[in-house]
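Coordinates from target_17.pdb are shown below (PDB, C-alpha atoms and all ligand atoms).
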MODEL        1
ATOM      1  CA  PHE A   1      17.438 -21.921  17.149  1.00  0.00           C
ATOM      2  CA  SER A   2      17.385 -20.836  13.540  1.00  0.00           C
ATOM      3  CA  SER A   3      14.408 -20.669  11.254  1.00  0.00           C
ATOM      4  CA  ILE A   4      13.719 -21.881   7.738  1.00  0.00           C
ATOM      5  CA  GLU A   5      11.415 -19.932   5.477  1.00  0.00           C
ATOM      6  CA  ILE A   6       8.711 -21.634   3.453  1.00  0.00           C
ATOM      7  CA  LEU A   7       6.438 -19.431   1.330  1.00  0.00           C
ATOM      8  CA  GLY A   8       7.250 -16.441   3.483  1.00  0.00           C
ATOM      9  CA  ILE A   9       6.733 -18.202   6.835  1.00  0.00           C
ATOM     10  CA  PRO A  10       9.804 -18.677   9.073  1.00  0.00           C
ATOM     11  CA  PHE A  11       9.573 -22.077  10.754  1.00  0.00           C
ATOM     12  CA  ALA A  12      11.480 -23.017  13.902  1.00  0.00           C
ATOM     13  CA  ASN A  13      14.207 -25.434  12.879  1.00  0.00           C
ATOM     14  CA  THR A  14      14.643 -27.505  15.989  1.00  0.00           C
ATOM     15  CA  THR A  15      13.464 -30.622  17.774  1.00  0.00           C
ATOM     16  CA  ARG A  16      10.238 -31.009  19.734  1.00  0.00           C
ATOM     17  CA  ASP A  17      12.242 -31.260  22.987  1.00  0.00           C
ATOM     18  CA  GLN A  18      14.284 -28.124  22.367  1.00  0.00           C
ATOM     19  CA  PHE A  19      11.250 -26.216  21.194  1.00  0.00           C
ATOM     20  CA  VAL A  20       9.194 -27.074  24.272  1.00  0.00           C
ATOM     21  CA  ASN A  21      12.199 -26.383  26.499  1.00  0.00           C
ATOM     22  CA  GLN A  22      12.510 -22.903  25.077  1.00  0.00           C
ATOM     23  CA  LEU A  23       8.813 -22.228  25.692  1.00  0.00           C
ATOM     24  CA  GLN A  24       9.146 -23.426  29.302  1.00  0.00           C
ATOM     25  CA  LYS A  25      12.086 -21.094  29.851  1.00  0.00           C
ATOM     26  CA  ARG A  26      10.108 -18.147  28.535  1.00  0.00           C
ATOM     27  CA  ILE A  27       7.140 -19.020  30.748  1.00  0.00           C
ATOM     28  CA  ASN A  28       9.422 -19.205  33.801  1.00  0.00           C
ATOM     29  CA  HIS A  29      10.906 -15.826  32.886  1.00  0.00           C
ATOM     30  CA  HIS A  30       7.425 -14.297  32.380  1.00  0.00           C
ATOM     31  CA  GLU A  31       8.208 -13.390  28.806  1.00  0.00           C
ATOM     32  CA  ASN A  32       5.120 -12.717  26.725  1.00  0.00           C
ATOM     33  CA  THR A  33       5.098 -15.351  23.965  1.00  0.00           C
ATOM     34  CA  PHE A  34       2.908 -16.076  20.942  1.00  0.00           C
ATOM     35  CA  VAL A  35       3.226 -19.488  19.310  1.00  0.00           C
ATOM     36  CA  VAL A  36       1.673 -20.348  15.959  1.00  0.00           C
ATOM     37  CA  THR A  37       1.544 -23.985  14.924  1.00  0.00           C
ATOM     38  CA  ALA A  38       1.345 -23.741  11.163  1.00  0.00           C
ATOM     39  CA  ASN A  39       0.168 -26.560   8.910  1.00  0.00           C
ATOM     40  CA  PRO A  40       0.018 -26.376   5.088  1.00  0.00           C
ATOM     41  CA  GLU A  41      -3.549 -25.022   5.258  1.00  0.00           C
ATOM     42  CA  ILE A  42      -2.374 -22.066   7.326  1.00  0.00           C
ATOM     43  CA  VAL A  43       0.567 -21.405   5.009  1.00  0.00           C
ATOM     44  CA  MET A  44      -1.719 -21.394   1.969  1.00  0.00           C
ATOM     45  CA  TYR A  45      -4.247 -19.166   3.711  1.00  0.00           C
ATOM     46  CA  ALA A  46      -1.496 -16.686   4.640  1.00  0.00           C
ATOM     47  CA  GLN A  47      -0.468 -16.639   0.961  1.00  0.00           C
ATOM     48  CA  LYS A  48      -3.813 -15.252  -0.104  1.00  0.00           C
ATOM     49  CA  GLU A  49      -4.574 -13.168   3.001  1.00  0.00           C
ATOM     50  CA  PRO A  50      -1.738 -10.672   3.558  1.00  0.00           C
ATOM     51  CA  ASN A  51      -3.337  -9.419   6.776  1.00  0.00           C
ATOM     52  CA  TYR A  52      -3.282 -12.901   8.252  1.00  0.00           C
ATOM     53  CA  GLN A  53       0.298 -13.355   7.103  1.00  0.00           C
ATOM     54  CA  LYS A  54       1.289 -10.093   8.805  1.00  0.00           C
ATOM     55  CA  LEU A  55      -0.448 -11.233  11.949  1.00  0.00           C
ATOM     56  CA  ILE A  56       1.262 -14.611  12.155  1.00  0.00           C
ATOM     57  CA  LEU A  57       4.601 -12.970  11.479  1.00  0.00           C
ATOM     58  CA  THR A  58       4.153 -11.199  14.825  1.00  0.00           C
ATOM     59  CA  ALA A  59       4.436 -14.614  16.548  1.00  0.00           C
ATOM     60  CA  ASP A  60       7.617 -15.348  18.491  1.00  0.00           C
ATOM     61  CA  TYR A  61       7.700 -18.917  17.196  1.00  0.00           C
ATOM     62  CA  ILE A  62       6.086 -20.741  14.310  1.00  0.00           C
ATOM     63  CA  SER A  63       6.277 -24.509  14.554  1.00  0.00           C
ATOM     64  CA  PRO A  64       6.049 -26.866  11.577  1.00  0.00           C
ATOM     65  CA  ASP A  65       2.797 -28.743  12.144  1.00  0.00           C
ATOM     66  CA  GLY A  66       2.257 -31.427   9.560  1.00  0.00           C
ATOM     67  CA  ILE A  67       4.460 -33.574   7.402  1.00  0.00           C
ATOM     68  CA  GLY A  68       3.612 -31.398   4.365  1.00  0.00           C
ATOM     69  CA  ILE A  69       5.709 -28.564   5.788  1.00  0.00           C
ATOM     70  CA  VAL A  70       8.693 -30.819   6.414  1.00  0.00           C
ATOM     71  CA  ARG A  71       8.388 -32.333   2.903  1.00  0.00           C
ATOM     72  CA  ALA A  72       8.281 -28.845   1.360  1.00  0.00           C
ATOM     73  CA  SER A  73      11.425 -27.885   3.293  1.00  0.00           C
ATOM     74  CA  HIS A  74      13.229 -30.906   1.807  1.00  0.00           C
ATOM     75  CA  THR A  75      12.029 -30.091  -1.722  1.00  0.00           C
ATOM     76  CA  LEU A  76      13.344 -26.546  -1.270  1.00  0.00           C
ATOM     77  CA  LYS A  77      16.705 -28.004  -0.168  1.00  0.00           C
ATOM     78  CA  THR A  78      16.449 -26.293   3.217  1.00  0.00           C
ATOM     79  CA  PRO A  79      15.391 -29.269   5.345  1.00  0.00           C
ATOM     80  CA  LEU A  80      13.713 -28.704   8.709  1.00  0.00           C
ATOM     81  CA  SER A  81      15.030 -31.002  11.435  1.00  0.00           C
ATOM     82  CA  GLU A  82      11.672 -32.233  12.671  1.00  0.00           C
ATOM     83  CA  ARG A  83       7.928 -32.004  12.387  1.00  0.00           C
ATOM     84  CA  ILE A  84       6.542 -30.576  15.644  1.00  0.00           C
ATOM     85  CA  PRO A  85       2.798 -31.191  15.824  1.00  0.00           C
ATOM     86  CA  GLY A  86       0.777 -28.653  17.783  1.00  0.00           C
ATOM     87  CA  TYR A  87      -0.895 -31.447  19.700  1.00  0.00           C
ATOM     88  CA  ASP A  88       2.473 -32.735  20.935  1.00  0.00           C
ATOM     89  CA  ILE A  89       3.453 -29.272  22.181  1.00  0.00           C
ATOM     90  CA  PHE A  90       0.039 -29.025  23.852  1.00  0.00           C
ATOM     91  CA  MET A  91       0.584 -32.362  25.651  1.00  0.00           C
ATOM     92  CA  ASP A  92       4.171 -31.563  26.667  1.00  0.00           C
ATOM     93  CA  LEU A  93       3.156 -28.197  28.090  1.00  0.00           C
ATOM     94  CA  LEU A  94       0.198 -29.688  29.985  1.00  0.00           C
ATOM     95  CA  ASN A  95       2.485 -32.288  31.547  1.00  0.00           C
ATOM     96  CA  TRP A  96       5.023 -29.676  32.527  1.00  0.00           C
ATOM     97  CA  ALA A  97       2.328 -27.287  33.801  1.00  0.00           C
ATOM     98  CA  SER A  98       1.003 -30.093  35.978  1.00  0.00           C
ATOM     99  CA  GLN A  99       4.446 -30.856  37.397  1.00  0.00           C
ATOM    100  CA  ASN A 100       5.180 -27.186  38.034  1.00  0.00           C
ATOM    101  CA  GLN A 101       1.801 -25.921  39.233  1.00  0.00           C
ATOM    102  CA  LYS A 102       1.426 -23.476  36.351  1.00  0.00           C
ATOM    103  CA  LYS A 103      -1.779 -21.514  35.779  1.00  0.00           C
ATOM    104  CA  VAL A 104      -3.528 -22.467  32.552  1.00  0.00           C
ATOM    105  CA  TYR A 105      -6.563 -21.053  30.731  1.00  0.00           C
ATOM    106  CA  PHE A 106      -8.467 -22.852  27.968  1.00  0.00           C
ATOM    107  CA  LEU A 107     -10.549 -21.129  25.310  1.00  0.00           C
ATOM    108  CA  GLY A 108     -12.326 -22.873  22.476  1.00  0.00           C
ATOM    109  CA  ALA A 109     -14.319 -25.887  21.260  1.00  0.00           C
ATOM    110  CA  LYS A 110     -17.957 -26.695  22.022  1.00  0.00           C
ATOM    111  CA  PRO A 111     -19.460 -26.312  25.528  1.00  0.00           C
ATOM    112  CA  GLN A 112     -19.725 -30.134  25.981  1.00  0.00           C
ATOM    113  CA  VAL A 113     -16.086 -30.512  25.006  1.00  0.00           C
ATOM    114  CA  ILE A 114     -15.040 -27.883  27.563  1.00  0.00           C
ATOM    115  CA  GLN A 115     -17.008 -29.754  30.268  1.00  0.00           C
ATOM    116  CA  GLN A 116     -15.240 -33.035  29.419  1.00  0.00           C
ATOM    117  CA  LEU A 117     -11.910 -31.249  29.099  1.00  0.00           C
ATOM    118  CA  LYS A 118     -12.158 -29.898  32.653  1.00  0.00           C
ATOM    119  CA  LEU A 119     -12.884 -33.388  34.038  1.00  0.00           C
ATOM    120  CA  LYS A 120     -10.079 -35.040  32.088  1.00  0.00           C
ATOM    121  CA  LEU A 121      -7.576 -32.342  33.022  1.00  0.00           C
ATOM    122  CA  THR A 122      -8.265 -32.809  36.728  1.00  0.00           C
ATOM    123  CA  LYS A 123      -7.731 -36.545  36.303  1.00  0.00           C
ATOM    124  CA  ASP A 124      -4.708 -36.572  33.946  1.00  0.00           C
ATOM    125  CA  PHE A 125      -2.942 -33.376  35.088  1.00  0.00           C
ATOM    126  CA  PRO A 126      -3.791 -32.916  38.782  1.00  0.00           C
ATOM    127  CA  GLY A 127      -1.004 -30.412  39.459  1.00  0.00           C
ATOM    128  CA  LEU A 128      -2.160 -27.978  36.846  1.00  0.00           C
ATOM    129  CA  LYS A 129      -3.908 -24.838  38.100  1.00  0.00           C
ATOM    130  CA  LEU A 130      -6.994 -24.539  35.940  1.00  0.00           C
ATOM    131  CA  VAL A 131      -7.761 -20.814  36.200  1.00  0.00           C
ATOM    132  CA  GLY A 132     -10.486 -20.756  33.585  1.00  0.00           C
ATOM    133  CA  ALA A 133     -12.067 -22.485  30.623  1.00  0.00           C
ATOM    134  CA  HIS A 134     -14.594 -21.158  28.132  1.00  0.00           C
ATOM    135  CA  ASP A 135     -16.086 -22.624  24.965  1.00  0.00           C
ATOM    136  CA  GLY A 136     -15.284 -21.042  21.632  1.00  0.00           C
ATOM    137  CA  TYR A 137     -18.819 -19.996  20.700  1.00  0.00           C
ATOM    138  CA  PHE A 138     -19.108 -16.669  22.477  1.00  0.00           C
ATOM    139  CA  LYS A 139     -20.752 -13.441  21.331  1.00  0.00           C
ATOM    140  CA  SER A 140     -18.670 -11.114  23.426  1.00  0.00           C
ATOM    141  CA  GLU A 141     -15.066 -11.383  24.567  1.00  0.00           C
ATOM    142  CA  THR A 142     -15.581  -9.119  27.562  1.00  0.00           C
ATOM    143  CA  GLU A 143     -15.992 -11.764  30.279  1.00  0.00           C
ATOM    144  CA  ILE A 144     -13.252 -13.998  28.854  1.00  0.00           C
ATOM    145  CA  VAL A 145     -10.770 -11.181  28.562  1.00  0.00           C
ATOM    146  CA  ALA A 146     -11.575  -9.953  32.085  1.00  0.00           C
ATOM    147  CA  THR A 147     -10.895 -13.419  33.555  1.00  0.00           C
ATOM    148  CA  ILE A 148      -7.625 -13.710  31.679  1.00  0.00           C
ATOM    149  CA  GLU A 149      -6.515 -10.297  32.836  1.00  0.00           C
ATOM    150  CA  LYS A 150      -7.440 -11.046  36.450  1.00  0.00           C
ATOM    151  CA  GLN A 151      -5.998 -14.586  36.599  1.00  0.00           C
ATOM    152  CA  GLN A 152      -2.768 -13.871  34.700  1.00  0.00           C
ATOM    153  CA  PRO A 153      -2.410 -17.442  33.380  1.00  0.00           C
ATOM    154  CA  ASP A 154       1.081 -18.718  32.596  1.00  0.00           C
ATOM    155  CA  ILE A 155      -0.349 -20.428  29.523  1.00  0.00           C
ATOM    156  CA  ILE A 156      -3.432 -19.690  27.423  1.00  0.00           C
ATOM    157  CA  PHE A 157      -4.509 -22.248  24.846  1.00  0.00           C
ATOM    158  CA  VAL A 158      -6.872 -20.954  22.181  1.00  0.00           C
ATOM    159  CA  ALA A 159      -8.680 -23.650  20.196  1.00  0.00           C
ATOM    160  CA  THR A 160     -11.174 -21.788  18.037  1.00  0.00           C
ATOM    161  CA  GLY A 161      -9.591 -22.753  14.703  1.00  0.00           C
ATOM    162  CA  PHE A 162      -7.539 -20.568  12.400  1.00  0.00           C
ATOM    163  CA  PRO A 163      -7.605 -17.694  11.539  1.00  0.00           C
ATOM    164  CA  ASN A 164      -9.788 -16.714  14.534  1.00  0.00           C
ATOM    165  CA  GLN A 165      -7.514 -18.098  17.216  1.00  0.00           C
ATOM    166  CA  GLU A 166      -4.474 -16.187  15.941  1.00  0.00           C
ATOM    167  CA  LYS A 167      -6.537 -12.998  15.599  1.00  0.00           C
ATOM    168  CA  PHE A 168      -7.764 -13.393  19.163  1.00  0.00           C
ATOM    169  CA  ILE A 169      -4.232 -13.935  20.441  1.00  0.00           C
ATOM    170  CA  ALA A 170      -2.726 -11.054  18.488  1.00  0.00           C
ATOM    171  CA  SER A 171      -5.268  -8.615  19.882  1.00  0.00           C
ATOM    172  CA  ASN A 172      -5.165  -9.839  23.495  1.00  0.00           C
ATOM    173  CA  ARG A 173      -1.645 -11.127  24.166  1.00  0.00           C
ATOM    174  CA  HIS A 174      -0.618  -7.830  25.754  1.00  0.00           C
ATOM    175  CA  LEU A 175      -2.889  -8.692  28.720  1.00  0.00           C
ATOM    176  CA  THR A 176      -0.456 -11.177  30.273  1.00  0.00           C
ATOM    177  CA  LYS A 177       3.215 -11.981  30.581  1.00  0.00           C
ATOM    178  CA  GLY A 178       2.510 -15.552  29.645  1.00  0.00           C
ATOM    179  CA  LEU A 179       2.433 -17.858  26.648  1.00  0.00           C
ATOM    180  CA  TRP A 180      -0.400 -17.819  24.126  1.00  0.00           C
ATOM    181  CA  MET A 181      -0.817 -20.579  21.602  1.00  0.00           C
ATOM    182  CA  GLY A 182      -3.422 -21.507  18.986  1.00  0.00           C
ATOM    183  CA  VAL A 183      -4.098 -25.250  19.101  1.00  0.00           C
ATOM    184  CA  GLY A 184      -6.890 -25.817  16.537  1.00  0.00           C
ATOM    185  CA  GLY A 185      -8.842 -28.998  17.235  1.00  0.00           C
ATOM    186  CA  SER A 186      -6.630 -30.173  20.128  1.00  0.00           C
ATOM    187  CA  PHE A 187      -9.327 -29.956  22.823  1.00  0.00           C
ATOM    188  CA  ASP A 188     -11.543 -32.268  20.753  1.00  0.00           C
ATOM    189  CA  VAL A 189      -8.667 -34.703  20.249  1.00  0.00           C
ATOM    190  CA  PHE A 190      -7.768 -34.643  23.953  1.00  0.00           C
ATOM    191  CA  VAL A 191     -11.279 -35.498  25.158  1.00  0.00           C
ATOM    192  CA  GLY A 192     -11.502 -38.131  22.388  1.00  0.00           C
TER     193      GLY A 192
HETATM  194  N1  LIG B   1     -14.377 -23.669  17.108  1.00  0.00           N
HETATM  195  C1  LIG B   1     -14.694 -22.747  18.087  1.00  0.00           C
HETATM  196  N2  LIG B   1     -15.423 -21.648  17.747  1.00  0.00           N
HETATM  197  C2  LIG B   1     -15.830 -21.408  16.475  1.00  0.00           C
HETATM  198  C3  LIG B   1     -15.486 -22.337  15.473  1.00  0.00           C
HETATM  199  C4  LIG B   1     -14.739 -23.458  15.823  1.00  0.00           C
HETATM  200  O1  LIG B   1     -14.329 -22.915  19.240  1.00  0.00           O
HETATM  201  O2  LIG B   1     -16.469 -20.383  16.247  1.00  0.00           O
HETATM  202  C5  LIG B   1     -13.610 -24.847  17.494  1.00  0.00           C
HETATM  203  C6  LIG B   1     -14.186 -26.162  17.050  1.00  0.00           C
HETATM  204  O3  LIG B   1     -15.186 -26.579  17.963  1.00  0.00           O
HETATM  205  C7  LIG B   1     -12.951 -27.045  17.067  1.00  0.00           C
HETATM  206  C8  LIG B   1     -11.829 -26.062  16.700  1.00  0.00           C
HETATM  207  O4  LIG B   1     -12.356 -24.771  16.889  1.00  0.00           O
HETATM  208  O5  LIG B   1     -12.737 -27.528  18.366  1.00  0.00           O
HETATM  209  C9  LIG B   1     -11.374 -26.109  15.251  1.00  0.00           C
HETATM  210  O6  LIG B   1     -10.759 -27.274  15.003  1.00  0.00           O
HETATM  211  P1  LIG B   1     -10.110 -27.565  13.595  1.00  0.00           P
HETATM  212  O7  LIG B   1      -9.552 -28.929  13.677  1.00  0.00           O
HETATM  213  O8  LIG B   1     -11.049 -27.208  12.489  1.00  0.00           O
HETATM  214  O9  LIG B   1      -8.903 -26.515  13.634  1.00  0.00           O
HETATM  215  P2  LIG B   1      -8.251 -25.673  12.455  1.00  0.00           P
HETATM  216  O10 LIG B   1      -7.569 -26.681  11.584  1.00  0.00           O
HETATM  217  O11 LIG B   1      -9.380 -24.940  11.794  1.00  0.00           O
HETATM  218  O12 LIG B   1      -7.317 -24.749  13.152  1.00  0.00           O
ENDMDL
END

What would you get if you wrote out this structure as structure tokens?
Amino acid sequence: FSSIEILGIPFANTTRDQFVNQLQKRINHHENTFVVTANPEIVMYAQKEPNYQKLILTADYISPDGIGIVRASHTLKTPLSERIPGYDIFMDLLNWASQNQKKVYFLGAKPQVIQQLKLKLTKDFPGLKLVGAHDGYFKSETEIVATIEKQQPDIIFVATGFPNQEKFIASNRHLTKGLWMGVGGSFDVFVG
């Protein structure tokens, strides 16, 4: 699918279904993939931080997260077809991972949230292979990175908030042939 540029950020111009489909294909083909779900906050931050902008431009896909992005695309007369919230992609991929026994790793949020997340995942997505989960308040990456490298997850969700999650992904994505995606506060939302 094509992309539409807003303030220097090329957004995927497609539907949620097609977007998720494409990600599933890449996971099945073991293609290393970096997904950024960009909301207006991220776009504005990238405007004033060129290093962060450079980093998110290394992503394979940038999805329009938030109605503000879609509104801006209409104002600029280059309308995006659909808003694709990061949380929706997260849910779709979890469902699919559960149905297809994919290996998933979760990094981010508070320790209590990670505990609840593990319980809820087992209940809601029993087919999913949970190969690791770690809270987002760590001093050293060493243990986390070692687990990821050893387990070779098909999907790694990083929920430590921007810009940290994208920085973490950009520096570690070479460790697997899977999909890496920053999902902000999605773990908190999922556990409720
Ligand atoms: N978080 C984390 N480590 C940190 C700071 C934040 O894991 O050092 C988590 C926090 O617990 C929350 C998420 O990152 O679950 C940030 O959520 P937010 O909705 O603020 O996402 P953002 O919009 O910043 O991407």

Q. Could you spell out the hits of the PyMOL selection byres (((chain A and resi 145-158) around 7) and not hetatm) on the shown file, as number ranges by chain?
A. A: 27, 102-108, 131, 141-144, 159-160, 165, 175-176, 178-183

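Shortest separation to His74 (chain A) among A:Ile6, A:Leu121, A:Val189, A:Ile169 occurs at residue A:Ile6, atoms counted being all atoms listed in the file.
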
Q: Would you mind listing what lies within 10 Å of Gln99 (chain A) as a PyMOL selection string, with only C-alpha atoms counted and same-chain residues fewer than 5 positions away left out?
A: chain A and resi 93-94+125-128

Q: For region 184-188 of chain A, work out the shell of residues within 12 Å, counting all atoms listed in the file and skipping chain neighbours fewer than 2 positions away, then give it as a PyMOL selection string.
A: chain A and resi 36-39+41-42+65+85-91+94+106-118+120-121+133-136+157-166+181-182+190-192

Q.
Neighbouring residues of Thr15 (chain A) were defined as those with any atom within 10 Å, considering all atoms listed in the file; residues of the same chain fewer than 4 positions away were excluded. Please report them as JSON, numbers by chain.
A. {"A": [1, 19, 20, 21, 63, 80, 81, 82, 83, 84]}

Mind writing the picked residues with C-alpha atoms as a CSV table (one decimal), in the frame of the given file?
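part15.csv, written as the output of this step:
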chain,number,residue,atom,x,y,z
A,1,PHE,CA,17.4,-21.9,17.1
A,19,PHE,CA,11.2,-26.2,21.2
A,20,VAL,CA,9.2,-27.1,24.3
A,21,ASN,CA,12.2,-26.4,26.5
A,63,SER,CA,6.3,-24.5,14.6
A,80,LEU,CA,13.7,-28.7,8.7
A,81,SER,CA,15.0,-31.0,11.4
A,82,GLU,CA,11.7,-32.2,12.7
A,83,ARG,CA,7.9,-32.0,12.4
A,84,ILE,CA,6.5,-30.6,15.6

Exercise on ligand LIG 1 (chain B), axis-aligned box with 3 Å per side, report centre and edge lengths in Å to one decimal, as AutoDock Vina command-line options:
--center_x -11.9 --center_y -24.7 --center_z 15.4 --size_x 15.2 --size_y 14.5 --size_z 13.7
